[in-house]
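Visitor: So I've got this file, query_2.cif, and it contains mmCIF, C-alpha atoms:
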```
data_my_file
#
loop_
_atom_site.label_atom_id
_atom_site.label_comp_id
_atom_site.auth_asym_id
_atom_site.auth_seq_id
_atom_site.Cartn_x
_atom_site.Cartn_y
_atom_site.Cartn_z
CA MET S 28 -40.56 156.34 57.99
CA ARG S 29 -42.28 154.81 54.95
CA PRO S 30 -40.44 152.02 53.06
CA PRO S 31 -39.20 152.72 49.51
CA ILE S 32 -41.78 152.07 46.76
CA ARG S 33 -39.70 149.32 45.10
CA ALA S 34 -39.28 147.41 48.35
CA PHE S 35 -42.99 147.76 49.08
CA TRP S 36 -44.04 146.21 45.78
CA ARG S 37 -41.45 143.48 46.12
CA CYS S 38 -43.07 142.53 49.44
CA VAL S 39 -46.56 142.57 47.91
CA MET S 40 -45.49 140.36 45.00
CA LYS S 41 -43.93 137.82 47.35
CA ARG S 42 -47.21 137.55 49.26
CA ILE S 43 -49.23 137.16 46.07
CA ILE S 44 -46.91 134.42 44.83
CA SER S 45 -47.11 132.65 48.17
CA LEU S 46 -50.92 132.73 48.08
CA LEU S 47 -50.99 131.41 44.53
CA LEU S 48 -48.68 128.53 45.48
CA VAL S 49 -50.89 127.60 48.44
CA ALA S 50 -53.98 127.73 46.23
CA ALA S 51 -52.26 125.56 43.63
CA LEU S 52 -51.50 122.97 46.28
CA LEU S 53 -55.03 123.01 47.69
CA VAL S 54 -56.84 122.53 44.35
CA PRO S 55 -55.55 119.00 43.67
CA LEU S 56 -56.10 118.07 47.29
CA ALA S 57 -59.72 119.21 47.10
CA ALA S 58 -60.20 117.44 43.81
CA CYS S 59 -58.71 114.29 45.29
CA GLY S 60 -61.04 114.39 48.31
CA GLY S 61 -64.28 115.63 46.67
CA GLY S 62 -63.82 113.88 43.36
CA SER S 63 -63.24 110.36 44.67
CA VAL S 64 -66.39 108.36 44.08
CA GLU S 65 -67.09 105.03 45.72
CA THR S 66 -68.68 103.58 42.62
CA ASN S 67 -69.86 100.38 44.32
CA LYS S 68 -71.49 102.05 47.30
CA LEU S 69 -75.00 103.52 47.18
CA THR S 70 -76.64 105.56 49.92
CA VAL S 71 -80.42 105.30 50.00
CA TRP S 72 -82.59 107.67 52.02
CA HIS S 73 -86.02 106.49 53.14
CA ASP S 74 -88.80 107.04 55.66
CA LYS S 75 -90.12 103.48 55.77
CA GLU S 76 -90.90 101.07 58.59
CA ASP S 77 -88.25 98.62 59.71
CA ALA S 78 -89.91 95.57 58.15
CA VAL S 79 -89.71 97.07 54.66
CA ILE S 80 -86.06 98.10 54.93
CA GLU S 81 -85.03 94.81 56.52
CA ALA S 82 -86.62 92.93 53.61
CA LEU S 83 -84.94 95.20 51.04
CA SER S 84 -81.55 95.02 52.74
CA ALA S 85 -81.58 91.23 53.04
CA TYR S 86 -82.73 90.79 49.46
CA LEU S 87 -80.15 93.15 47.92
CA ALA S 88 -77.33 91.58 49.91
CA GLU S 89 -78.02 88.39 47.95
CA ALA S 90 -79.32 89.74 44.65
CA ALA S 91 -76.68 92.46 44.18
CA PRO S 92 -73.73 91.46 46.42
CA GLU S 93 -71.26 93.53 44.40
CA VAL S 94 -72.94 96.75 45.57
CA GLU S 95 -72.84 98.06 49.12
CA VAL S 96 -76.26 99.55 49.80
CA VAL S 97 -76.56 101.75 52.88
CA PHE S 98 -80.07 102.70 54.01
CA GLU S 99 -80.46 105.92 56.00
CA LYS S 100 -83.79 106.85 57.58
CA LYS S 101 -84.82 110.49 57.24
CA THR S 102 -87.81 111.83 59.16
CA SER S 103 -88.04 114.96 56.96
CA LEU S 104 -86.86 113.42 53.75
CA THR S 105 -88.44 115.85 51.29
CA ASP S 106 -87.26 118.92 53.19
CA SER S 107 -83.74 117.47 53.40
CA LEU S 108 -83.69 116.78 49.66
CA LYS S 109 -84.80 120.31 48.87
CA LEU S 110 -81.84 121.58 50.88
CA VAL S 111 -79.11 119.33 49.45
CA GLY S 112 -80.40 118.95 45.89
CA ASN S 113 -77.93 117.05 43.73
CA ASP S 114 -74.86 117.84 45.85
CA PRO S 115 -72.76 114.65 45.83
CA GLY S 116 -71.28 115.51 49.20
CA SER S 117 -74.64 115.72 50.97
CA ALA S 118 -77.33 114.12 48.83
CA PRO S 119 -78.10 110.39 48.67
CA ASP S 120 -77.65 108.32 45.52
CA MET S 121 -81.25 107.12 45.66
CA PHE S 122 -84.27 107.58 47.86
CA ILE S 123 -87.41 105.56 48.54
CA PHE S 124 -90.53 107.66 48.86
CA ALA S 125 -94.11 108.04 47.65
CA HIS S 126 -94.59 109.19 44.07
CA ASP S 127 -96.50 112.39 44.84
CA LYS S 128 -93.36 114.55 45.21
CA ILE S 129 -91.84 113.46 41.90
CA GLY S 130 -92.95 116.64 40.14
CA VAL S 131 -91.29 118.86 42.72
CA PHE S 132 -87.93 117.10 42.42
CA ALA S 133 -88.16 116.72 38.64
CA GLU S 134 -88.65 120.47 38.34
CA MET S 135 -85.57 120.93 40.55
CA GLY S 136 -83.67 118.94 37.94
CA ILE S 137 -82.20 116.41 40.37
CA LEU S 138 -83.89 113.17 39.22
CA ALA S 139 -82.64 110.74 36.60
CA ASP S 140 -84.83 109.12 33.96
CA VAL S 141 -85.20 105.60 35.36
CA ASN S 142 -86.00 104.09 31.97
CA THR S 143 -82.46 104.83 30.79
CA LEU S 144 -81.13 102.70 33.65
CA LEU S 145 -83.31 99.65 33.01
CA ALA S 146 -83.18 96.86 30.46
CA GLU S 147 -85.74 97.06 27.66
CA GLY S 148 -89.04 95.49 28.72
CA ALA S 149 -88.06 95.38 32.40
CA LEU S 150 -91.39 96.88 33.47
CA ASP S 151 -93.70 94.95 31.13
CA ASN S 152 -95.39 93.23 34.09
CA TRP S 153 -95.90 96.39 36.14
CA LEU S 154 -99.46 97.47 36.97
CA PRO S 155 -100.34 100.41 34.67
CA MET S 156 -101.50 102.52 37.60
CA THR S 157 -98.04 102.38 39.17
CA ILE S 158 -96.28 103.41 35.95
CA GLU S 159 -98.69 106.32 35.59
CA ALA S 160 -97.96 107.41 39.15
CA ALA S 161 -94.19 107.21 38.64
CA SER S 162 -94.21 109.32 35.47
CA TYR S 163 -94.07 113.10 35.18
CA LYS S 164 -94.42 114.94 31.87
CA GLY S 165 -93.82 111.71 29.99
CA THR S 166 -90.65 110.68 31.85
CA LEU S 167 -90.39 107.80 34.33
CA TYR S 168 -88.70 109.11 37.47
CA GLN S 169 -89.37 106.22 39.84
CA LEU S 170 -89.06 102.44 39.87
CA PRO S 171 -92.33 101.48 41.60
CA LEU S 172 -91.95 98.83 44.29
CA TYR S 173 -95.36 98.69 45.97
CA PHE S 174 -98.46 100.75 46.50
CA GLU S 175 -101.15 101.53 49.05
CA THR S 176 -104.82 102.35 48.65
CA LEU S 177 -107.72 102.90 50.98
CA LEU S 178 -109.94 99.88 51.58
CA PHE S 179 -113.50 99.27 52.73
CA MET S 180 -113.08 97.30 55.97
CA TYR S 181 -115.70 95.90 58.27
CA ASN S 182 -116.03 94.01 61.55
CA ARG S 183 -117.79 90.71 60.85
CA ARG S 184 -119.06 90.63 64.41
CA TYR S 185 -121.46 93.44 63.52
CA MET S 186 -121.64 93.60 59.71
CA GLN S 187 -122.18 90.22 58.13
CA ASP S 188 -120.67 89.43 54.73
CA GLU S 189 -124.11 89.50 53.13
CA GLN S 190 -124.71 92.99 54.58
CA VAL S 191 -121.66 94.57 52.97
CA PRO S 192 -122.98 97.43 50.82
CA ALA S 193 -122.38 97.26 47.10
CA THR S 194 -123.60 100.82 46.56
CA THR S 195 -123.48 104.08 48.48
CA GLU S 196 -127.25 104.05 48.99
CA GLU S 197 -126.98 100.61 50.54
CA LEU S 198 -124.25 101.99 52.78
CA TYR S 199 -126.45 104.91 53.80
CA ALA S 200 -129.36 102.60 54.60
CA TYR S 201 -127.08 100.49 56.76
CA MET S 202 -125.82 103.59 58.55
CA GLU S 203 -129.34 104.79 59.29
CA ALA S 204 -130.29 101.40 60.74
CA ASN S 205 -127.13 100.94 62.81
CA THR S 206 -126.14 104.37 64.11
CA GLY S 207 -127.12 105.65 67.53
CA ARG S 208 -126.42 105.37 71.27
CA GLY S 209 -122.70 105.78 70.85
CA ARG S 210 -122.40 103.35 67.95
CA TYR S 211 -121.84 104.00 64.27
CA GLY S 212 -122.64 101.93 61.22
CA PHE S 213 -119.75 103.49 59.31
CA VAL S 214 -117.00 106.02 60.01
CA GLU S 215 -114.26 107.65 57.96
CA GLN S 216 -112.09 110.75 58.00
CA HIS S 217 -114.81 112.56 56.10
CA SER S 218 -113.25 116.02 56.19
CA THR S 219 -109.74 115.03 55.16
CA ALA S 220 -108.78 115.65 51.53
CA TYR S 221 -107.07 112.28 51.05
CA TYR S 222 -110.18 110.38 52.12
CA SER S 223 -112.80 112.62 50.53
CA ALA S 224 -111.09 112.40 47.14
CA ALA S 225 -112.74 108.99 46.66
CA TRP S 226 -116.19 110.61 46.83
CA ILE S 227 -115.19 113.35 44.39
CA HIS S 228 -113.86 110.73 41.97
CA GLY S 229 -117.09 108.78 42.39
CA PHE S 230 -118.93 111.71 40.82
CA GLY S 231 -116.44 112.03 37.97
CA GLY S 232 -114.62 114.99 39.51
CA SER S 233 -111.03 115.61 40.45
CA ILE S 234 -109.06 117.91 42.71
CA VAL S 235 -106.55 119.08 40.11
CA SER S 236 -105.84 118.31 36.47
CA GLU S 237 -102.55 117.14 34.98
CA ASP S 238 -101.78 120.68 33.85
CA GLY S 239 -102.40 122.14 37.31
CA THR S 240 -105.95 123.44 36.87
CA PRO S 241 -107.83 123.25 40.19
CA PHE S 242 -111.22 121.52 40.22
CA PRO S 243 -111.44 121.02 36.43
CA GLU S 244 -114.97 119.53 36.82
CA PRO S 245 -116.52 122.02 39.27
CA GLU S 246 -120.10 120.73 39.11
CA ALA S 247 -119.00 117.16 39.84
CA VAL S 248 -117.08 118.34 42.92
CA LYS S 249 -120.07 120.29 44.22
CA GLU S 250 -122.42 117.35 43.60
CA ALA S 251 -120.07 115.08 45.55
CA LEU S 252 -119.92 117.52 48.46
CA ARG S 253 -123.72 117.83 48.62
CA TYR S 254 -124.29 114.09 48.39
CA HIS S 255 -121.63 113.27 50.99
CA LEU S 256 -123.26 115.55 53.56
CA LYS S 257 -125.97 113.05 54.51
CA PHE S 258 -123.28 110.46 55.29
CA VAL S 259 -121.31 112.99 57.33
CA ALA S 260 -124.43 113.67 59.41
CA LEU S 261 -124.36 110.06 60.62
CA MET S 262 -120.70 110.14 61.62
CA PRO S 263 -118.87 111.84 64.50
CA GLY S 264 -117.85 115.43 63.93
CA GLU S 265 -114.27 114.66 64.92
CA THR S 266 -112.47 113.25 61.88
CA GLU S 267 -108.93 112.74 63.12
CA TYR S 268 -107.31 109.41 62.37
CA SER S 269 -107.04 108.52 66.06
CA THR S 270 -110.79 109.01 66.57
CA VAL S 271 -111.85 106.93 63.59
CA ASN S 272 -109.26 104.26 64.34
CA THR S 273 -110.31 103.99 68.00
CA LEU S 274 -114.01 103.71 67.18
CA PHE S 275 -113.38 100.85 64.79
CA LEU S 276 -110.85 99.02 66.96
CA GLU S 277 -113.05 99.27 70.04
CA GLY S 278 -116.04 97.82 68.20
CA LYS S 279 -118.03 101.07 68.23
CA ALA S 280 -118.09 101.33 64.45
CA ASP S 281 -119.11 98.47 62.18
CA ALA S 282 -117.20 99.57 59.10
CA THR S 283 -114.69 102.11 57.89
CA ILE S 284 -112.63 103.20 54.93
CA GLY S 285 -109.01 103.06 55.97
CA GLY S 286 -105.54 102.24 54.80
CA PRO S 287 -103.60 98.99 55.13
CA TRP S 288 -101.78 100.52 58.09
CA MET S 289 -104.96 99.87 60.14
CA VAL S 290 -104.93 96.13 59.51
CA PRO S 291 -102.20 95.08 62.00
CA SER S 292 -103.98 96.95 64.82
CA ALA S 293 -107.31 95.39 63.87
CA ARG S 294 -105.82 91.92 63.97
CA GLU S 295 -104.14 92.64 67.32
CA ALA S 296 -107.55 93.68 68.64
CA GLU S 297 -108.83 90.27 67.46
CA ILE S 298 -111.35 91.82 65.11
CA ASP S 299 -112.78 89.40 62.58
CA LEU S 300 -111.78 91.71 59.74
CA GLY S 301 -113.47 91.71 56.37
CA ILE S 302 -112.28 93.66 53.34
CA ALA S 303 -114.64 94.43 50.47
CA PRO S 304 -114.69 96.40 47.21
CA MET S 305 -115.47 100.09 47.45
CA PRO S 306 -119.19 100.90 47.05
CA THR S 307 -120.48 102.29 43.77
CA VAL S 308 -122.25 105.65 43.65
CA ASP S 309 -125.84 104.91 42.60
CA GLU S 310 -126.24 108.18 40.72
CA THR S 311 -123.14 107.83 38.54
CA GLY S 312 -122.36 104.12 38.46
CA LEU S 313 -118.79 104.94 39.43
CA ALA S 314 -117.02 103.38 42.40
CA LEU S 315 -115.63 105.44 45.24
CA ALA S 316 -112.14 105.56 43.75
CA PRO S 317 -109.48 106.28 46.36
CA TYR S 318 -106.10 107.82 45.81
CA SER S 319 -103.19 105.41 45.58
CA GLY S 320 -99.71 106.10 46.88
CA VAL S 321 -96.93 104.35 45.00
CA GLN S 322 -93.71 103.78 46.90
CA GLY S 323 -90.55 103.31 44.90
CA VAL S 324 -86.94 104.15 44.14
CA GLN S 325 -85.89 107.51 42.72
CA VAL S 326 -82.34 108.00 41.44
CA LEU S 327 -80.44 111.26 41.63
CA LYS S 328 -78.71 112.43 38.46
CA TYR S 329 -75.26 112.50 40.00
CA ALA S 330 -75.48 108.81 40.96
CA ALA S 331 -76.89 107.86 37.55
CA GLU S 332 -73.95 109.58 35.86
CA ASN S 333 -71.13 108.62 38.23
CA LYS S 334 -72.25 105.27 39.67
CA ALA S 335 -74.17 103.94 36.69
CA GLU S 336 -73.14 100.28 36.97
CA ALA S 337 -74.03 100.05 40.66
CA VAL S 338 -77.34 101.84 40.12
CA LYS S 339 -78.24 99.56 37.21
CA ALA S 340 -77.37 96.45 39.21
CA VAL S 341 -79.62 97.46 42.11
CA LEU S 342 -82.52 98.49 39.87
CA ALA S 343 -82.25 95.25 37.88
CA ALA S 344 -82.38 93.26 41.11
CA LEU S 345 -85.45 95.19 42.26
CA CYS S 346 -87.23 94.34 39.01
CA ALA S 347 -87.33 90.64 39.93
CA PRO S 348 -90.66 89.40 41.36
CA GLN S 349 -89.02 88.02 44.51
CA ILE S 350 -88.57 91.40 46.19
CA GLY S 351 -92.24 92.21 45.68
CA ILE S 352 -93.15 88.87 47.24
CA ASP S 353 -90.77 89.48 50.15
CA LEU S 354 -92.28 92.92 50.83
CA ALA S 355 -95.84 91.57 50.62
CA LEU S 356 -95.09 88.85 53.16
CA ALA S 357 -93.01 91.09 55.44
CA SER S 358 -95.24 94.14 55.62
CA GLY S 359 -98.45 93.57 53.65
CA CYS S 360 -97.23 95.70 50.75
CA ALA S 361 -99.11 95.38 47.46
CA PRO S 362 -96.43 94.80 44.78
CA ALA S 363 -96.23 96.99 41.70
CA ASN S 364 -95.10 93.93 39.71
CA ALA S 365 -98.20 91.95 38.70
CA ALA S 366 -96.17 88.73 38.53
CA CYS S 367 -95.87 88.73 42.34
CA TYR S 368 -99.56 87.97 42.80
CA ASP S 369 -99.09 84.51 41.33
CA ASP S 370 -97.08 83.47 44.39
CA PRO S 371 -99.24 81.12 46.55
CA ALA S 372 -98.51 82.96 49.81
CA VAL S 373 -99.32 86.34 48.29
CA ALA S 374 -102.46 84.93 46.70
CA GLU S 375 -103.75 84.00 50.16
CA ASP S 376 -103.28 87.48 51.65
CA GLU S 377 -106.74 89.07 51.64
CA MET S 378 -105.49 92.61 52.20
CA VAL S 379 -102.84 92.49 49.47
CA GLN S 380 -105.26 90.95 47.00
CA SER S 381 -107.88 93.57 47.86
CA MET S 382 -105.41 96.35 47.10
CA ARG S 383 -104.56 94.60 43.85
CA ALA S 384 -108.26 94.67 42.92
CA THR S 385 -108.62 98.30 44.00
CA ALA S 386 -105.66 99.19 41.78
CA GLU S 387 -108.05 98.81 38.83
CA ILE S 388 -110.07 101.84 39.98
CA ALA S 389 -107.60 103.73 42.20
CA ILE S 390 -106.27 107.07 41.01
CA PRO S 391 -102.64 107.94 41.70
CA MET S 392 -102.21 111.00 43.88
CA PRO S 393 -101.29 113.88 41.57
CA ASN S 394 -97.51 114.24 41.49
CA ILE S 395 -97.46 117.81 40.16
CA PRO S 396 -96.16 120.67 42.35
CA GLU S 397 -99.58 122.36 42.31
CA MET S 398 -101.02 119.54 44.42
CA ASP S 399 -99.07 120.81 47.41
CA VAL S 400 -101.40 123.80 47.72
CA MET S 401 -104.53 121.80 46.86
CA TRP S 402 -104.26 119.64 49.99
CA THR S 403 -104.76 122.74 52.13
CA VAL S 404 -107.43 124.24 49.89
CA VAL S 405 -109.54 121.08 49.89
CA SER S 406 -109.09 120.58 53.63
CA ASN S 407 -110.40 124.10 54.28
CA LEU S 408 -113.31 123.51 51.88
CA LEU S 409 -114.31 120.30 53.65
CA THR S 410 -114.08 121.94 57.06
CA ASP S 411 -116.36 124.76 55.91
CA VAL S 412 -118.97 122.47 54.33
CA ASN S 413 -118.93 119.42 56.60
CA LEU S 414 -118.11 120.88 59.99
CA SER S 415 -119.23 124.50 59.83
CA GLY S 416 -122.37 124.00 57.76
CA ALA S 417 -121.37 126.58 55.16
CA ASP S 418 -123.10 126.80 51.79
CA VAL S 419 -121.55 124.41 49.25
CA ASP S 420 -121.61 126.81 46.28
CA ALA S 421 -120.20 129.78 48.19
CA SER S 422 -117.52 127.69 49.89
CA PHE S 423 -116.53 126.07 46.61
CA ASP S 424 -116.22 129.41 44.83
CA GLU S 425 -114.02 130.71 47.64
CA ALA S 426 -111.86 127.57 47.53
CA LEU S 427 -111.49 127.79 43.74
CA SER S 428 -110.47 131.43 43.95
CA GLU S 429 -107.91 130.63 46.66
CA ALA S 430 -106.50 127.73 44.64
CA GLU S 431 -106.15 129.79 41.49
CA SER S 432 -104.37 132.54 43.39
CA LEU S 433 -101.96 130.18 45.16
CA ILE S 434 -101.13 128.30 41.95
CA ALA S 435 -100.58 131.55 40.06
CA ASN S 436 -98.08 132.58 42.72
CA MET S 437 -96.11 129.38 42.07
CA LYS S 438 -95.43 130.28 38.43
#
```
Would you give me this structure, written as structure tokens?

Guide:
Amino acid sequence: MRPPIRAFWRCVMKRIISLLLVAALLVPLAACGGGSVETNKLTVWHDKEDAVIEALSAYLAEAAPEVEVVFEKKTSLTDSLKLVGNDPGSAPDMFIFAHDKIGVFAEMGILADVNTLLAEGALDNWLPMTIEAASYKGTLYQLPLYFETLLFMYNRRYMQDEQVPATTEELYAYMEANTGRGRYGFVEQHSTAYYSAAWIHGFGGSIVSEDGTPFPEPEAVKEALRYHLKFVALMPGETEYSTVNTLFLEGKADATIGGPWMVPSAREAEIDLGIAPMPTVDETGLALAPYSGVQGVQVLKYAAENKAEAVKAVLAALCAPQIGIDLALASGCAPANAACYDDPAVAEDEMVQSMRATAEIAIPMPNIPEMDVMWTVVSNLLTDVNLSGADVDASFDEALSEAESLIANMK
């Protein structure tokens, strides 16, 4: 038997009222839990080696004792950030990473303008290259801490200081005279985009423009590819890092272009390591200008808005020269703050000083989203030309077409 209509609706209304009361009770509880902000605690994601984080942690404990800074290592930091965005419940307050992903995160709208969190003139001593790297569309999204560049390194047991090539033709002559029977005068990761960029820059070319145009100087890129081929012919076909690294560390290659990460291994192998300026391209008069990677602190908008005092305190502390000096001595980092190089201990570090000199010619890796596709495009182009013997013009045209298509799909 069905209940009377009036009784039925009375039952329904009671249930609705009960649900509304429960919801009313839950809202303030949720607001209390999710809205509470530990304003003096900052979580910092990073992917750095222990020596860097230990130096940062020890320094901030003294320089900004009022702020609790918690460092969390993330192996897939960029992927994790793309997932959590600016969510205060999941995202960090800051993260330490290379500058080349700034454009991606700026376009997501999750990064704060760092300049608004710094005192006026705080970055007056910063190397211009690092400020350029940390900026996207005219806004500074990173506080640069240190940077890395490729270096020309040689084993003094085989290449004497007076034999170090000042030009690329001198390098080629040395390679011809010292390559054979399982030995190489010079090796590099010749078919890797990051390494080959230096040769492209040496001919006045570039991989992508600031506005996302691929290969804006096409003839310069093709000239660089053609010229580089004769050097590639005197190097092993295998261009993986492990191969190049092993050849140099085992004394089977006299010289290489490599990053500062190779230096500790070279010293452990008791190599009498020399570091020299990058050779100049005879035809253009331009140096082989490597990419630079600038490591620094990015601040998420939520932290900048809700933990402003803590964020400002940490950034102010990181603007002092001492942290740059500490990082240089702890891990061979080249400070972004030019004042650090006046420290006597830093002044005696050959590798750090060499990176400081290279900063004058180094080109920051493009930080625009379009560069993500260009890494793959250039890698395929180099494989075709250097390893498969494909025609430079035809391969370049194919690479340009692919790049234009991929970039158009990003719009």

Visitor: Nearest to Ile137 (chain S): which of S:Gly416, S:Pro263, S:Gly231, S:Pro115 is it, counting only C-alpha atoms?

Guide: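 Counting only C-alpha atoms, the residue closest to Ile137 (chain S) is S:Pro115.
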
Visitor: Residues at most 9 Å from Ala296 (chain S), counting all atoms listed in the file, excluding those fewer than 4 positions away in the same chain, as a list in words?

Guide: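 Once the adjacent positions are removed, what remains is Leu276, Glu277, Pro291 and Ser292 of chain S.
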
Visitor: Please list as a list in words every residue within 12 Å of Ser432 (chain S), counting only C-alpha atoms and excluding residues in the same chain fewer than 6 positions away.

Guide: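 Here the qualifying residues turn out to be Thr240, Pro241, Glu397, Val400, Met401, Val404, Glu425, Ala426 and Lys438 of chain S.
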
Visitor: Please compute the CA of Ile298 (chain S)-CA of Leu172 (chain S) distance, one decimal, in Å.

Guide: 29.3 Å

Visitor: Out of S:Gly323, S:Gly229, S:Gly264, S:Pro393, which residue has the shortest atom-to-atom distance to Pro306 (chain S) when counting only C-alpha atoms?

Guide: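 Closest to Pro306 (chain S) of all the choices is S:Gly229.
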
Visitor: Starting from the shown file, work through the PyMOL selection byres ((chain S and resi 186-196) around 9) and note down what comes out as an MDAnalysis selection string.

Guide: chainID S and resid 181:185 197:201 212 281:282 301 303:309 312 314:315
